[in-house]
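> Supplied structure: structure.cif, mmCIF, C-alpha atoms.
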data_my_file
#
loop_
_atom_site.group_PDB
_atom_site.id
_atom_site.type_symbol
_atom_site.label_atom_id
_atom_site.label_comp_id
_atom_site.auth_asym_id
_atom_site.auth_seq_id
_atom_site.Cartn_x
_atom_site.Cartn_y
_atom_site.Cartn_z
ATOM 1 C CA MET A 1 0.000 0.000 0.000
ATOM 2 C CA VAL A 2 1.206 3.478 -0.854
ATOM 3 C CA GLU A 3 -0.836 6.376 0.467
ATOM 4 C CA ALA A 4 -0.730 8.634 -2.607
ATOM 5 C CA THR A 5 -1.173 12.053 -0.989
ATOM 6 C CA GLU A 6 1.908 11.531 1.181
ATOM 7 C CA PHE A 7 4.083 10.464 -1.759
ATOM 8 C CA PRO A 8 3.070 12.802 -4.593
ATOM 9 C CA GLU A 9 6.214 12.412 -6.724
ATOM 10 C CA LEU A 10 5.893 8.653 -6.823
ATOM 11 C CA SER A 11 2.160 8.907 -7.478
ATOM 12 C CA ASN A 12 2.636 11.416 -10.297
ATOM 13 C CA ARG A 13 5.370 9.294 -11.841
ATOM 14 C CA HIS A 14 2.856 6.482 -12.118
ATOM 15 C CA GLY A 15 0.053 8.761 -13.279
ATOM 16 C CA VAL A 16 -2.160 7.914 -10.325
ATOM 17 C CA SER A 17 -5.553 9.583 -10.582
ATOM 18 C CA GLY A 18 -8.226 6.986 -9.776
ATOM 19 C CA VAL A 19 -7.590 4.762 -6.788
ATOM 20 C CA PRO A 20 -6.932 2.060 -6.057
ATOM 21 C CA GLN A 21 -4.240 1.767 -8.679
ATOM 22 C CA THR A 22 -1.952 -1.248 -8.724
ATOM 23 C CA THR A 23 1.355 -0.851 -10.505
ATOM 24 C CA ILE A 24 3.410 -3.899 -11.420
ATOM 25 C CA ASN A 25 7.211 -3.732 -11.502
ATOM 26 C CA ASP A 26 7.455 0.039 -11.226
ATOM 27 C CA GLY A 27 4.949 0.800 -13.962
ATOM 28 C CA ALA A 28 5.522 -2.050 -16.413
ATOM 29 C CA GLY A 29 1.867 -2.864 -15.854
ATOM 30 C CA THR A 30 -1.039 -1.016 -14.284
ATOM 31 C CA VAL A 31 -4.474 -1.988 -13.004
ATOM 32 C CA VAL A 32 -6.878 0.811 -12.129
ATOM 33 C CA GLY A 33 -9.703 -0.049 -9.762
ATOM 34 C CA ALA A 34 -10.328 -3.370 -8.100
ATOM 35 C CA ALA A 35 -7.944 -6.119 -9.126
ATOM 36 C CA PRO A 36 -9.624 -9.515 -8.840
ATOM 37 C CA GLU A 37 -7.224 -12.396 -8.264
ATOM 38 C CA ASP A 38 -7.312 -14.003 -11.731
ATOM 39 C CA TYR A 39 -7.168 -10.624 -13.455
ATOM 40 C CA LEU A 40 -4.138 -9.550 -11.446
ATOM 41 C CA VAL A 41 -2.351 -12.827 -12.150
ATOM 42 C CA ASP A 42 -3.004 -12.349 -15.898
ATOM 43 C CA GLU A 43 -1.618 -8.822 -15.777
ATOM 44 C CA ILE A 44 1.513 -9.971 -13.959
ATOM 45 C CA ARG A 45 1.953 -12.806 -16.436
ATOM 46 C CA SER A 46 1.573 -10.356 -19.309
ATOM 47 C CA VAL A 47 4.224 -8.012 -17.870
ATOM 48 C CA LEU A 48 6.679 -10.866 -17.381
ATOM 49 C CA GLU A 49 6.073 -12.286 -20.865
ATOM 50 C CA GLN A 50 6.784 -8.910 -22.396
ATOM 51 C CA GLY A 51 10.097 -8.957 -20.597
ATOM 52 C CA LYS A 52 9.492 -5.707 -18.743
ATOM 53 C CA MET B 1 -1.901 12.650 28.634
ATOM 54 C CA VAL B 2 -2.050 12.197 24.884
ATOM 55 C CA SER B 3 -5.576 11.417 23.718
ATOM 56 C CA LYS B 4 -6.153 8.061 22.076
ATOM 57 C CA LEU B 5 -6.673 7.776 18.337
ATOM 58 C CA LEU B 6 -8.891 4.699 18.700
ATOM 59 C CA ASN B 7 -11.941 5.104 20.925
ATOM 60 C CA GLU B 8 -13.100 2.353 23.285
ATOM 61 C CA GLY B 9 -15.826 1.169 20.938
ATOM 62 C CA ILE B 10 -13.375 0.656 18.070
ATOM 63 C CA VAL B 11 -10.869 -1.048 20.363
ATOM 64 C CA ASP B 12 -13.575 -3.471 21.540
ATOM 65 C CA GLN B 13 -14.495 -4.280 17.946
ATOM 66 C CA ILE B 14 -10.872 -4.871 17.014
ATOM 67 C CA ARG B 15 -10.305 -6.998 20.116
ATOM 68 C CA GLU B 16 -13.222 -9.156 19.017
ATOM 69 C CA VAL B 17 -11.770 -9.517 15.496
ATOM 70 C CA PHE B 18 -8.340 -10.289 16.970
ATOM 71 C CA THR B 19 -9.699 -13.390 18.723
ATOM 72 C CA GLN B 20 -9.110 -14.901 15.264
ATOM 73 C CA LEU B 21 -5.376 -14.230 15.484
ATOM 74 C CA ASP B 22 -3.415 -17.460 15.398
ATOM 75 C CA GLN B 23 0.377 -17.134 15.008
ATOM 76 C CA PRO B 24 2.374 -14.107 16.244
ATOM 77 C CA VAL B 25 2.794 -11.090 13.987
ATOM 78 C CA ALA B 26 5.400 -8.337 14.148
ATOM 79 C CA ILE B 27 4.988 -4.825 12.826
ATOM 80 C CA LEU B 28 8.303 -3.173 11.988
ATOM 81 C CA TYR B 29 7.568 0.527 11.969
ATOM 82 C CA PHE B 30 9.924 3.033 10.318
ATOM 83 C CA GLY B 31 9.603 6.734 11.085
ATOM 84 C CA ARG B 32 11.785 9.755 10.570
ATOM 85 C CA LYS B 33 12.334 12.834 12.678
ATOM 86 C CA THR B 34 11.813 15.442 9.940
ATOM 87 C CA ASP B 35 9.806 15.667 6.740
ATOM 88 C CA CYS B 36 7.118 13.270 7.860
ATOM 89 C CA ASP B 37 3.704 14.803 8.409
ATOM 90 C CA TYR B 38 2.040 11.601 9.542
ATOM 91 C CA CYS B 39 4.830 9.877 11.458
ATOM 92 C CA ALA B 40 3.659 10.855 14.939
ATOM 93 C CA GLU B 41 0.085 9.799 14.263
ATOM 94 C CA THR B 42 1.033 6.545 12.532
ATOM 95 C CA SER B 43 3.440 5.683 15.330
ATOM 96 C CA GLN B 44 0.695 6.183 17.917
ATOM 97 C CA LEU B 45 -1.818 4.258 15.815
ATOM 98 C CA VAL B 46 0.362 1.156 15.530
ATOM 99 C CA GLU B 47 1.105 1.325 19.260
ATOM 100 C CA GLU B 48 -2.604 1.337 20.028
ATOM 101 C CA VAL B 49 -3.366 -1.495 17.589
ATOM 102 C CA THR B 50 -0.562 -3.778 18.730
ATOM 103 C CA ALA B 51 -1.509 -3.187 22.385
ATOM 104 C CA ILE B 52 -4.851 -4.870 21.742
ATOM 105 C CA SER B 53 -3.407 -8.373 21.383
ATOM 106 C CA ASP B 54 -0.348 -10.087 22.838
ATOM 107 C CA LYS B 55 0.048 -11.922 19.537
ATOM 108 C CA LEU B 56 1.119 -8.622 17.995
ATOM 109 C CA SER B 57 4.466 -7.027 18.644
ATOM 110 C CA LEU B 58 5.892 -3.734 17.490
ATOM 111 C CA LYS B 59 9.481 -2.821 16.686
ATOM 112 C CA LYS B 60 10.159 0.824 15.949
ATOM 113 C CA TYR B 61 12.989 2.052 13.787
ATOM 114 C CA ASP B 62 14.191 5.357 12.413
ATOM 115 C CA LEU B 63 14.685 5.442 8.643
ATOM 116 C CA ASP B 64 17.918 7.435 9.006
ATOM 117 C CA ASP B 65 19.378 6.147 12.295
ATOM 118 C CA ASP B 66 18.515 2.548 11.413
ATOM 119 C CA ALA B 67 19.377 2.741 7.733
ATOM 120 C CA THR B 68 20.847 -0.791 7.693
ATOM 121 C CA VAL B 69 17.597 -2.275 8.947
ATOM 122 C CA ALA B 70 15.610 -0.161 6.495
ATOM 123 C CA ALA B 71 17.788 -1.393 3.643
ATOM 124 C CA ARG B 72 17.395 -5.003 4.747
ATOM 125 C CA TYR B 73 13.638 -4.682 4.498
ATOM 126 C CA HIS B 74 13.707 -2.432 1.404
ATOM 127 C CA VAL B 75 11.887 0.344 3.268
ATOM 128 C CA ASP B 76 12.597 3.810 1.921
ATOM 129 C CA LYS B 77 9.476 5.754 2.859
ATOM 130 C CA ALA B 78 8.252 7.090 6.198
ATOM 131 C CA PRO B 79 5.938 6.342 7.833
ATOM 132 C CA GLY B 80 6.609 2.813 6.630
ATOM 133 C CA MET B 81 5.620 -0.587 7.960
ATOM 134 C CA VAL B 82 6.584 -4.177 7.417
ATOM 135 C CA LEU B 83 3.948 -6.710 8.456
ATOM 136 C CA ALA B 84 5.775 -9.943 9.146
ATOM 137 C CA GLY B 85 5.361 -13.274 10.837
ATOM 138 C CA LEU B 86 7.192 -13.826 14.091
ATOM 139 C CA ASP B 87 8.334 -17.397 14.693
ATOM 140 C CA GLY B 88 10.052 -17.344 18.068
ATOM 141 C CA ASP B 89 12.661 -14.639 17.519
ATOM 142 C CA ARG B 90 12.694 -15.003 13.768
ATOM 143 C CA ILE B 91 11.041 -12.450 11.488
ATOM 144 C CA VAL B 92 9.361 -14.095 8.495
ATOM 145 C CA ASP B 93 9.037 -11.527 5.709
ATOM 146 C CA TYR B 94 6.059 -11.983 3.389
ATOM 147 C CA GLY B 95 6.848 -8.824 1.459
ATOM 148 C CA ILE B 96 3.941 -6.834 2.869
ATOM 149 C CA ARG B 97 4.651 -3.104 3.125
ATOM 150 C CA PHE B 98 2.587 -0.062 4.038
ATOM 151 C CA ALA B 99 3.825 3.398 3.067
ATOM 152 C CA GLY B 100 1.917 6.275 4.625
ATOM 153 C CA ILE B 101 -0.703 6.402 7.329
ATOM 154 C CA PRO B 102 -3.251 3.536 7.160
ATOM 155 C CA SER B 103 -6.343 5.649 7.768
ATOM 156 C CA GLY B 104 -9.906 5.397 6.528
ATOM 157 C CA HIS B 105 -10.455 2.306 4.432
ATOM 158 C CA GLU B 106 -6.800 1.366 4.732
ATOM 159 C CA PHE B 107 -7.214 0.865 8.455
ATOM 160 C CA SER B 108 -9.443 -2.119 7.638
ATOM 161 C CA SER B 109 -6.747 -3.306 5.242
ATOM 162 C CA LEU B 110 -4.218 -3.122 8.071
ATOM 163 C CA ILE B 111 -6.416 -5.184 10.404
ATOM 164 C CA HIS B 112 -7.160 -7.667 7.635
ATOM 165 C CA ASP B 113 -3.474 -8.012 6.776
ATOM 166 C CA LEU B 114 -2.574 -8.677 10.422
ATOM 167 C CA LEU B 115 -5.099 -11.536 10.400
ATOM 168 C CA LEU B 116 -3.715 -12.765 7.085
ATOM 169 C CA VAL B 117 -0.117 -12.872 8.311
ATOM 170 C CA SER B 118 -1.264 -14.454 11.555
ATOM 171 C CA SER B 119 -2.982 -17.241 9.608
ATOM 172 C CA ARG B 120 0.266 -17.895 7.684
ATOM 173 C CA ASP B 121 -1.899 -18.562 4.623
ATOM 174 C CA SER B 122 -2.387 -16.311 1.615
ATOM 175 C CA GLY B 123 -5.922 -17.572 1.000
ATOM 176 C CA LEU B 124 -5.201 -17.639 -2.739
ATOM 177 C CA ASP B 125 -6.437 -20.202 -5.297
ATOM 178 C CA ALA B 126 -4.326 -23.264 -6.043
ATOM 179 C CA GLN B 127 -3.642 -21.964 -9.573
ATOM 180 C CA THR B 128 -2.451 -18.617 -8.275
ATOM 181 C CA ARG B 129 -0.189 -20.308 -5.723
ATOM 182 C CA GLN B 130 1.338 -22.441 -8.497
ATOM 183 C CA PHE B 131 1.858 -19.360 -10.657
ATOM 184 C CA LEU B 132 3.621 -17.597 -7.798
ATOM 185 C CA GLN B 133 5.783 -20.583 -6.945
ATOM 186 C CA ASP B 134 6.871 -20.761 -10.600
ATOM 187 C CA LEU B 135 7.992 -17.125 -10.692
ATOM 188 C CA LYS B 136 11.574 -16.779 -11.871
ATOM 189 C CA GLN B 137 12.022 -13.102 -10.994
ATOM 190 C CA PRO B 138 10.828 -10.671 -8.338
ATOM 191 C CA VAL B 139 7.521 -8.917 -8.871
ATOM 192 C CA LEU B 140 6.757 -5.624 -7.171
ATOM 193 C CA LEU B 141 3.109 -4.728 -6.626
ATOM 194 C CA GLN B 142 2.323 -1.235 -5.378
ATOM 195 C CA VAL B 143 -1.262 -0.351 -4.589
ATOM 196 C CA PHE B 144 -1.866 3.403 -4.499
ATOM 197 C CA VAL B 145 -4.710 4.519 -2.256
ATOM 198 C CA THR B 146 -6.042 7.746 -0.780
ATOM 199 C CA PRO B 147 -7.266 8.330 2.763
ATOM 200 C CA THR B 148 -11.035 8.455 2.267
#
Can the structure in the file be given as C-alpha cells, please?


Amino acid sequence: MVEATEFPELSNRHGVSGVPQTTINDGAGTVVGAAPEDYLVDEIRSVLEQGK
Amino acid sequence: MVSKLLNEGIVDQIREVFTQLDQPVAILYFGRKTDCDYCAETSQLVEEVTAISDKLSLKKYDLDDDATVAARYHVDKAPGMVLAGLDGDRIVDYGIRFAGIPSGHEFSSLIHDLLLVSSRDSGLDAQTRQFLQDLKQPVLLQVFVTPT
C-alpha cells in the first residue's frame, strides 16, 4: 500500500488519478480499480512475458 | 496525557476480530524525525493497535538512524511498515509493506493483513499459488490509495 497524498512524486510518476491503482514492476503494468485475483495474475503474467 | 486515536468502541471491535489471530505477527515501523507529516500519528496508531493483542508485537525504527535495517527490508518511505510473521525470535518476511498512514479504508486493510499474516496462509487459489511458486524473478506490486 502506498498512500498517494503523502508520496506525490511517486504517485505522479505512475500517473495515479483513480484509486486504487496497482502498478506492477514500477509501472511495467497497471491496473486501475479493483484487481480480482485471476485478473491480477493475468496482468503480472503479461508483464513478465513482455520482458518488462 | 495524549488522547487516544482509537476510541473504546473501536478497540472493543478490534479486540473481538483479533480473537481470530493465530500465530504471532510483528509490525516493523519506520519513522523519521523530519519531513514526515504523519509519522507521529502513525506511530501512535500502531502502538494502540498492537496493544490490543499479545500476539502482535511492534518494533520501531528510524529510517535514518537505522538505515541498515531499512535497507534489509527495502523500506525507503516514512511512515513505513513491514507486516511480518514472528516465529520465536525469527522475522518471516512476506513482502507486505505499508507506506503512509493507514487511515480510513486502509485501516481495515491493516487489520485484515494482520489476520492474514497471523494465519500464515495467503488464502489464494491453487492456480495462483502455483503461478507464484513458478515465478523466476521478483515482482513488485504497489497499490496506491487515498485516505477516504

> Just how far from CA of Ile10 (chain B) is CA of Asp54 (chain B), in Å to one decimal?

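Computed distance, CA of Asp54 (chain B) to CA of Ile10 (chain B), equals 17.5 Å.
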
> Can you pull out the residues contacting region 15-26 of chain B? Cut-off 12 Å, using all atoms listed in the file, and skip same-chain residues under 3 positions away; I want them as a PyMOL selection string.

chain B and resi 6+8-12+29+46-60+81-94+96+108+111-121

> Pick out the closest residue to chain B from this set: A:Pro8, A:His14, A:Ser46, A:Thr22. Count only C-alpha atoms.

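When distances to chain B are compared using only C-alpha atoms, the smallest one comes from A:Thr22.
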
> Considering all atoms listed in the file, give me a table of residues in chain A that are at most 6 Å from chain B, with the closest atom pair and distance in Å for each, as a tab-separated table.


residue	atom	partner	partner_atom	distance
A:Met1	CA	B:Val143	CA	4.8
A:Val2	CA	B:Ala99	CA	4.7
A:Glu3	CA	B:Gly100	CA	5.0
A:Ala4	CA	B:Phe144	CA	5.7
A:Val19	CA	B:Val145	CA	5.4
A:Pro20	CA	B:Val145	CA	5.0
A:Gln21	CA	B:Phe144	CA	5.1
A:Thr22	CA	B:Val143	CA	4.3
A:Thr23	CA	B:Gln142	CA	5.2
A:Ile24	CA	B:Leu141	CA	4.9
A:Asn25	CA	B:Leu140	CA	4.7

> Counting only C-alpha atoms, which residue out of A:Leu48, A:Val32, A:Leu40, A:Ser17 sits closest to Thr5 (chain A)?

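Ranking A:Leu48, A:Val32, A:Leu40, A:Ser17 by distance to Thr5 (chain A), first place goes to A:Ser17.
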
> In Å to one decimal, how far is CA of Glu37 (chain A) from CA of Ser11 (chain A)?

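Here the two named atoms are 23.3 Å from each other.
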
> For a test of reading the model, state the distance in Å between CA of Asp76 (chain B) and CA of Arg32 (chain B), rounded to one decimal.

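Pair CA of Asp76 (chain B) / CA of Arg32 (chain B) returns 10.5 Å.
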
> The centre and edge lengths of an axis-aligned box containing all atoms of region 33-45 of chain B present in the file, extended by 4 Å on each side, are to be given in Å to one decimal, as lines of an AutoDock Vina configuration file.


center_x = 5.3
center_y = 10.0
center_z = 12.3
size_x = 22.2
size_y = 19.4
size_z = 19.2

> Using only C-alpha atoms, can you list as a PyMOL selection string the residues within 10 Å of (1.1, -2.3, -20.7)?

chain A and resi 24+27-31+43+46-47+50+52

> Restricting it to C-alpha atoms, dump the selection as an mmCIF file, keeping the file's coordinate frame.


data_model
loop_
_atom_site.group_PDB
_atom_site.id
_atom_site.type_symbol
_atom_site.label_atom_id
_atom_site.label_comp_id
_atom_site.auth_asym_id
_atom_site.auth_seq_id
_atom_site.Cartn_x
_atom_site.Cartn_y
_atom_site.Cartn_z
ATOM 1 C CA ILE A 24 3.410 -3.899 -11.420
ATOM 2 C CA GLY A 27 4.949 0.800 -13.962
ATOM 3 C CA ALA A 28 5.522 -2.050 -16.413
ATOM 4 C CA GLY A 29 1.867 -2.864 -15.854
ATOM 5 C CA THR A 30 -1.039 -1.016 -14.284
ATOM 6 C CA VAL A 31 -4.474 -1.988 -13.004
ATOM 7 C CA GLU A 43 -1.618 -8.822 -15.777
ATOM 8 C CA SER A 46 1.573 -10.356 -19.309
ATOM 9 C CA VAL A 47 4.224 -8.012 -17.870
ATOM 10 C CA GLN A 50 6.784 -8.910 -22.396
ATOM 11 C CA LYS A 52 9.492 -5.707 -18.743
#

> For Val2 (chain B), which of B:Ala40, B:Ile14, B:Ala71, B:Ala126 is the closest residue, counting only C-alpha atoms?

B:Ala40
